[in-house]
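What follows is a single structure, written as structure tokens, with notes after it.
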Amino acid sequence: MKPEYDVIITGGGLAGLTLSIQLKLNKPDIKILVLERRKDVAPTSAHKVGESTVELGSHYLRETLGLKDYLEAHELPKYGLRFFFKSNTKEDITSRVELGPRKWLYTPSHQLDRGTLENHLAENTIARGTTVLLNAAAKDVEFGEEYHTVTYTQGGEEKTATARWVADASGRGSLLKRKLGFQKPMEHHTNAVWWRLKGVIDIDHWSEDQTWKNIPVTGLRYLSTVHFMDKGYWVWVIPLGSKNTSIGIVADPAIHPFETFDTYEKSIEWLKVNEPLCYKMLEPETKNKMDFKILKHYAHHTGRLYDGKDRWGVTGEAGAFLDPFYSPGTDFISMNNTWLSDLILRELNGEDVSFRAEIYEQTHLALVDSWIPIYKDKYTLMGNTQIMVAKILWDWAIYWAVPSLLFTNKAFTDLRLLKQLFAAPDSLGRRFGKLHEQVQQLFLDWGPHDNQVFERRYIDPVDLSYMLEFQGGIPNQHGDKLVERISQNMEMLEKIAAEIFRRVSHEVKGTPMDMKVDPYTMVLDAENKLNLPEVSDDKAVPRDERIINDVATMWFYAEKEPVA
Ligand SMILES: Cc1cc2nc3c(=O)[nH]c(=O)nc-3n(C[C@H](O)[C@H](O)[C@H](O)COP(=O)(O)OP(=O)(O)OC[C@H]3O[C@@H](n4cnc5c(N)ncnc54)[C@H](O)[C@@H]3O)c2cc1C
């Protein structure tokens with residue numbers, strides 16, 4: 001018997017709906033059923049989190065799915081992530097070190113109202129012939145040799161539908177993960193609460209200081225994803241296209257127990273203690289509160305993602321989710337859907353995709369695992385301005401220089417490239433993971449030695465020439481020169497890592513600024529003041545005038561005399 005559909009997607013949120021559009025764009029006659037539990041169209045503003053996008057996810061929405069015109073007409077442009085660090089007088093916003101763009105960034109991104117976006121995505125895919133059923137909750141999947149049977153309820157009635165493939169996009173419902181038992185522990189634990197306020201909150205109005213107001217182009221602060229940070233937490237302020245505002249608190253329970261902010265009233269009291277200016281500006285807006293949501297231990301992992309033999313896959317939060325600090329949710333959905341749609345389309349075309357699915361799954365899981373050190377234990381550093389400035393710029397640099405470029409150059413579905421990049425122990429991809437791990441460990445080791453509070457400074461990521469090059473280079477197409485470009489970017493990242501290490505070691509141990517550094521073995525042995533690490537000439541990364549100047553730009557510590 002022929003199944004009714006080629007694909008049933010369980011869950012019509014961001015991941016499920018974008019997957020359906022991606023499939024339709026590549027195979028217009030594909031038959032798709034989307035089952036969505038929600039009873040009605042999504043509400044504006046007070047719908048879901050996932051409102052801020054960054055470069056990779058924006059490229060997916062704009063270019064891969066062709067949503068550029070919609071996004072430009074109905075959602076807001078976004079001008080970067082913007083961070084305000086701790087100061088001794090947090091109630092004066094101008095006293096805080098600020099990290100964020102002064103001008104429009106070259107590669108675009110957007111702030112999304114998830115309600116309006118999901119309604120648009122549903123209309124878009126329905127117009128292409130997808131069947132989207134609301135009030136339809138998937139209950140079970142029975143896997144068959146030729147096709148699978150999905151049982152769902154609609155309006156209290158139990159129904160079934162058949163399809164060759166099942167894609168689980170049920171978010172935290174995680175239908176397939178629970179059914180097939182591939183839950184996996186995640187060693188990063190943080191909690192979040194958020195609420196939406198009716199009306200615009202523009203932090204440019206949080207001070208009368210005209211000099212401060214004039215630092216970035218007018219309107220840029222409003223269109224950024226704003227983070228207010230100190231030890232153990234960050235608070236977000238995100239503008240929405242519906243002219244409303246999203247506010248959230250994300251915190252490490254070891255420093256800010258969840259019980260201290262897990263209701264709206266407690267959140268407001270928590271702001272009073274930790275972010276007095278946010279309290280002053282947001283407490284009077286209580287009358288405009290549209291919703292309030294909480295999520296304890298939001299990070300979760302997965303043991304599986306794609307099965308080419310049994311024809312199923314998971315996408316979005318039904319798989320893994322790490323941390324919203326850099327707004328990466330849509331990025332992971334973009335990669336996830338790109339892998340999953342490629343498998344589905346090839347298999348429907350008669351290809352055996354078992355091996356390909358294994359490679360995609362390994363690559364995807366390795367990517368999630370390599371991202372964990374970005375967040376794990378790092379909330380303890382959020383009150384350390386110098387460390388966080390270096391860390392945020394490093395995290396952006398690696399994100400722009402490698403995964404974003406691989407995505408825009410369609411490398412993730414190119415098996416030959418994946419083999420070249422990741423197969424050998426000394427391959428570029430493996431070195432990337434190792435380098436990143438070393439630098440994340442350096443930030444942790446540096447923590448106990450950093451106790452300076454800095455004030456009244458502004459740093460734009462693109463003040464650093466390599467950051468401008470990496471961000472501006474994301475959309476560039478490199479064709480068969482992609483590996484060469486990734487290799488050049490890796491060389492730069494190695495030099496940046498080594499230069500950051502030299503500066504940290506110089507500050508903490510007084511080591512000479514021209515010391516030899518191998519970024520793959522560097523360790524900040526702060527107890528052993530004069531014990532310089534042994535580095536052979538062939539492993540030492542050469543110093544580079546441009547990187548020296550760029551790293552100096554992000555350095556706030558006063559220069560120290562080296563130990564003789
Ligand atoms: C605190 C926090 C902040 C975040 N901020 C950002 C951000 O700024 N930027 C960003 O990109 N990402 C962010 N994210 C991540 C983002 O929210 C997710 O990546 C995204 O919403 C996941 O989309 P999804 O479609 O997988 O899941 P969802 O959006 O949850 O969609 C799942 C859908 O499945 C439906 N469903 C569930 N079970 C069933 C069932 N059995 N049958 C049928 N339908 C079902 C649900 O009704 C829902 O509509 C954040 C996450 C958290 C926790």
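In the structure tokens, each chain is lettered A, B, ... as it comes, each chain's residues begin at 1, and ligands are numbered from 1 in order of appearance.
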
(message) Quick check for you: according to DSSP on this backbone, which residues of region 286-477 of chain A are classed as alpha helix (DSSP H)? Reply as an NGL selection string.
(response) :A and (329-348 or 354-375 or 385-401 or 403-408 or 415-422 or 428-446 or 465-473)

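All residues in region 277-391 of chain A with a DSSP state of strand (DSSP E or B), computed from the backbone, read Lys289, Lys293, Ile294, Leu295, His300, His301, Thr302, Tyr306, Asp307, Trp312, Gly313, Val314 and Phe321 of chain A.
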
Could the residues in this selection be saved with C-alpha atoms as a compact mmCIF listing (two decimals), in the first residue's frame?
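Result saved to part-v9.txt:
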# COMPACT_ATOMS: atom_id res chain seq x y z
CA LYS A 289 2.56 42.63 31.17
CA LYS A 293 6.78 31.94 31.58
CA ILE A 294 9.36 29.86 33.42
CA LEU A 295 11.68 27.07 32.31
CA HIS A 300 18.91 19.06 27.16
CA HIS A 301 20.83 16.63 24.98
CA THR A 302 19.98 13.80 22.64
CA TYR A 306 18.70 10.85 12.08
CA ASP A 307 17.96 7.30 11.00
CA TRP A 312 12.97 9.15 10.81
CA GLY A 313 14.62 12.26 12.16
CA VAL A 314 14.22 14.84 14.88
CA PHE A 321 19.14 22.65 23.14

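Of the residues listed (A:Ile459, A:Val353, A:Ala15, A:Ile126), A:Ile459 shows the shortest atom-to-atom separation from Pro216 (chain A); distances use only C-alpha atoms.
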
Please find the residues contacting ligand 1 at a distance of at most 6 Å between atoms, with only C-alpha atoms and all ligand atoms counted, and report them as a PDB file with C-alpha atoms, in the first residue's frame.
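Now in pocket.pdb:
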ATOM      1  CA  THR A  10       4.874  16.146  14.350  1.00  0.00           C
ATOM      2  CA  GLY A  11       4.879  19.733  15.646  1.00  0.00           C
ATOM      3  CA  GLY A  12       4.229  22.916  13.693  1.00  0.00           C
ATOM      4  CA  GLY A  13       6.562  25.315  15.484  1.00  0.00           C
ATOM      5  CA  LEU A  14       9.621  27.032  14.025  1.00  0.00           C
ATOM      6  CA  ALA A  15      11.519  23.800  13.289  1.00  0.00           C
ATOM      7  CA  GLY A  16       8.596  21.837  11.826  1.00  0.00           C
ATOM      8  CA  LEU A  35       0.369  17.963  13.007  1.00  0.00           C
ATOM      9  CA  GLU A  36       0.243  20.887  15.436  1.00  0.00           C
ATOM     10  CA  ARG A  37      -1.214  20.535  18.914  1.00  0.00           C
ATOM     11  CA  ARG A  38      -2.111  24.231  19.304  1.00  0.00           C
ATOM     12  CA  VAL A  49      10.950  32.430  23.082  1.00  0.00           C
ATOM     13  CA  GLY A  50      13.479  32.321  20.265  1.00  0.00           C
ATOM     14  CA  GLU A  51      13.037  35.924  19.196  1.00  0.00           C
ATOM     15  CA  SER A  52      16.596  36.923  18.443  1.00  0.00           C
ATOM     16  CA  THR A  53      18.420  35.433  15.480  1.00  0.00           C
ATOM     17  CA  ALA A 136      -3.868  17.710  16.232  1.00  0.00           C
ATOM     18  CA  ALA A 137      -1.692  16.096  18.914  1.00  0.00           C
ATOM     19  CA  ALA A 138       0.563  13.252  17.770  1.00  0.00           C
ATOM     20  CA  LYS A 139       0.412  10.368  20.224  1.00  0.00           C
ATOM     21  CA  ALA A 169       9.524  18.622  15.594  1.00  0.00           C
ATOM     22  CA  SER A 170       7.470  18.467  18.789  1.00  0.00           C
ATOM     23  CA  GLY A 171       9.884  20.686  20.777  1.00  0.00           C
ATOM     24  CA  GLY A 173       7.402  17.244  23.907  1.00  0.00           C
ATOM     25  CA  ALA A 192      15.095  31.037  32.709  1.00  0.00           C
ATOM     26  CA  TYR A 298      16.196  24.212  29.829  1.00  0.00           C
ATOM     27  CA  GLY A 316      14.656  21.656  16.780  1.00  0.00           C
ATOM     28  CA  GLU A 317      14.143  21.362  20.502  1.00  0.00           C
ATOM     29  CA  ALA A 318      12.869  17.788  20.076  1.00  0.00           C
ATOM     30  CA  PRO A 324      20.180  31.119  24.660  1.00  0.00           C
ATOM     31  CA  SER A 327      20.664  33.235  20.455  1.00  0.00           C
ATOM     32  CA  PRO A 328      21.726  30.014  18.692  1.00  0.00           C
ATOM     33  CA  GLY A 329      18.384  28.121  18.648  1.00  0.00           C
ATOM     34  CA  THR A 330      17.540  29.070  15.064  1.00  0.00           C
TER      35      THR A 330
END

(message) Between CA of His227 (chain A) and CA of Ser242 (chain A), what distance in Å does the model show, to one decimal?
(response) 20.7 Å

(request) Using CA of Met554 (chain A) and CA of Val389 (chain A) as the two end points, give the distance in Å to one decimal. (result) 7.0 Å

(message) From the options A:Pro276, A:Gly319, A:Pro475, A:Gly219, which residue's atoms come nearest to Asp92 (chain A), counting only C-alpha atoms?
(response) A:Pro276

(request) Write out as a ChimeraX atom specification each polymer residue whose atoms come within 6 Å of Lys78 (chain A), counting only C-alpha atoms; drop sequence neighbours fewer than 4 positions from it. (result) /A:109-111,223-224

(request) Write out as a list in words which residues come within 8 Å of Glu187 (chain A) when counting only C-alpha atoms, dropping same-chain ones fewer than 2 positions away. (result) Pro185, His189 and Lys376 of chain A

Take the residues from that selection and put them in a file with N, CA and C atoms, as a JSON list (two decimals), in the first residue's frame.
[["chain", "number", "residue", "atom", "x", "y", "z"],
["A", 185, "PRO", "N", 22.04, 12.70, 29.19],
["A", 185, "PRO", "CA", 22.22, 13.78, 30.17],
["A", 185, "PRO", "C", 22.98, 14.97, 29.57],
["A", 189, "HIS", "N", 23.44, 23.30, 33.50],
["A", 189, "HIS", "CA", 22.14, 23.53, 34.14],
["A", 189, "HIS", "C", 21.93, 24.99, 34.44],
["A", 376, "LYS", "N", 29.16, 25.85, 29.69],
["A", 376, "LYS", "CA", 29.30, 25.08, 30.94],
["A", 376, "LYS", "C", 30.25, 25.80, 31.90]]

Mind checking which residues fall within 6 Å of region 236-241 of chain A, counting only C-alpha atoms, ignoring those fewer than 4 positions away in the same chain, and posting them as a compact mmCIF listing (two decimals) with N, CA and C atoms, in the first residue's frame?
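New file part-v6.txt:
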# COMPACT_ATOMS: atom_id res chain seq x y z
N GLU A 75 9.19 41.79 10.21
CA GLU A 75 9.94 41.60 11.45
C GLU A 75 10.99 42.71 11.53
N LEU A 76 11.65 42.83 12.67
CA LEU A 76 12.61 43.91 12.83
C LEU A 76 14.01 43.48 12.38
N ASP A 113 9.08 38.25 16.02
CA ASP A 113 7.90 38.01 16.85
C ASP A 113 7.47 36.60 16.49
N THR A 225 19.89 42.88 20.59
CA THR A 225 19.46 42.02 21.70
C THR A 225 20.33 42.42 22.88
N VAL A 226 19.71 43.07 23.86
CA VAL A 226 20.48 43.66 24.95
C VAL A 226 20.62 42.66 26.10
N HIS A 227 21.87 42.54 26.60
CA HIS A 227 22.14 41.67 27.75
C HIS A 227 22.70 42.55 28.88
N THR A 245 7.76 44.19 23.72
CA THR A 245 9.14 43.93 24.17
C THR A 245 9.20 42.64 24.97
N SER A 246 10.25 41.88 24.72
CA SER A 246 10.47 40.63 25.46
C SER A 246 11.57 40.87 26.49
N ILE A 247 11.31 40.41 27.72
CA ILE A 247 12.28 40.56 28.81
C ILE A 247 12.53 39.18 29.39
N GLY A 248 13.76 38.86 29.73
CA GLY A 248 14.03 37.54 30.33
C GLY A 248 15.16 37.59 31.32

(request) Give me, please, the distance in Å between CA of Glu347 (chain A) and CA of Ala366 (chain A), quoted to one decimal. (result) 23.9 Å

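Shortest atom-to-atom contact with Asn26 (chain A) among A:Arg304, A:Ile8, A:Asn531, A:Ser341: A:Ser341, counting only C-alpha atoms.
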
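Residues in contact with Ile268 (chain A) at 8 Å, where only C-alpha atoms are counted and same-chain residues fewer than 5 positions away are skipped, are listed as Phe261, Tyr279 and Glu283 of chain A.
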
(message) Show me, as a list in words, the residues that have an atom within 9 Å of region 451-456 of chain A when counting only C-alpha atoms, minus same-chain residues fewer than 2 positions from it.
(response) Phe85, Lys86, Ser87, Asn88, Thr94, Ser95, Arg96, Val97, Glu98, Gly383, Asn384, Thr385, Gln386, Gly447, Pro448, His449, Tyr458, Phe556 and Tyr557 of chain A

Would you output that residue set with C-alpha atoms, as a CSV table (one decimal), in the first residue's frame?
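Final file, out_37.csv:
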chain,number,residue,atom,x,y,z
A,85,PHE,CA,28.8,44.5,32.1
A,86,LYS,CA,28.9,45.0,35.9
A,87,SER,CA,29.9,48.4,37.3
A,88,ASN,CA,30.0,49.8,40.8
A,94,THR,CA,26.5,55.0,31.2
A,95,SER,CA,28.9,53.7,33.8
A,96,ARG,CA,28.8,50.2,32.4
A,97,VAL,CA,31.3,48.8,29.9
A,98,GLU,CA,29.3,48.2,26.7
A,383,GLY,CA,30.7,39.3,36.5
A,384,ASN,CA,34.3,39.4,35.1
A,385,THR,CA,34.2,42.1,32.5
A,386,GLN,CA,37.7,41.6,31.0
A,447,GLY,CA,38.7,33.5,36.5
A,448,PRO,CA,40.3,33.4,40.1
A,449,HIS,CA,42.9,36.0,39.0
A,458,TYR,CA,32.7,51.1,24.7
A,556,PHE,CA,41.4,46.8,29.6
A,557,TYR,CA,44.2,45.9,32.1

I'd like a table as CSV: residues in region 334-372 of chain A with an atom no more than 12 Å from region 150-164 of chain A, each row giving the shortest atom pair and its distance in Å to one decimal, only C-alpha atoms counted, sorted by chain and rising residue number.
residue,atom,partner,partner_atom,distance
A:Ile344,CA,A:Arg164,CA,9.2
A:Leu345,CA,A:Arg164,CA,11.4
A:Glu347,CA,A:Arg164,CA,9.7
A:Leu348,CA,A:Arg164,CA,8.4
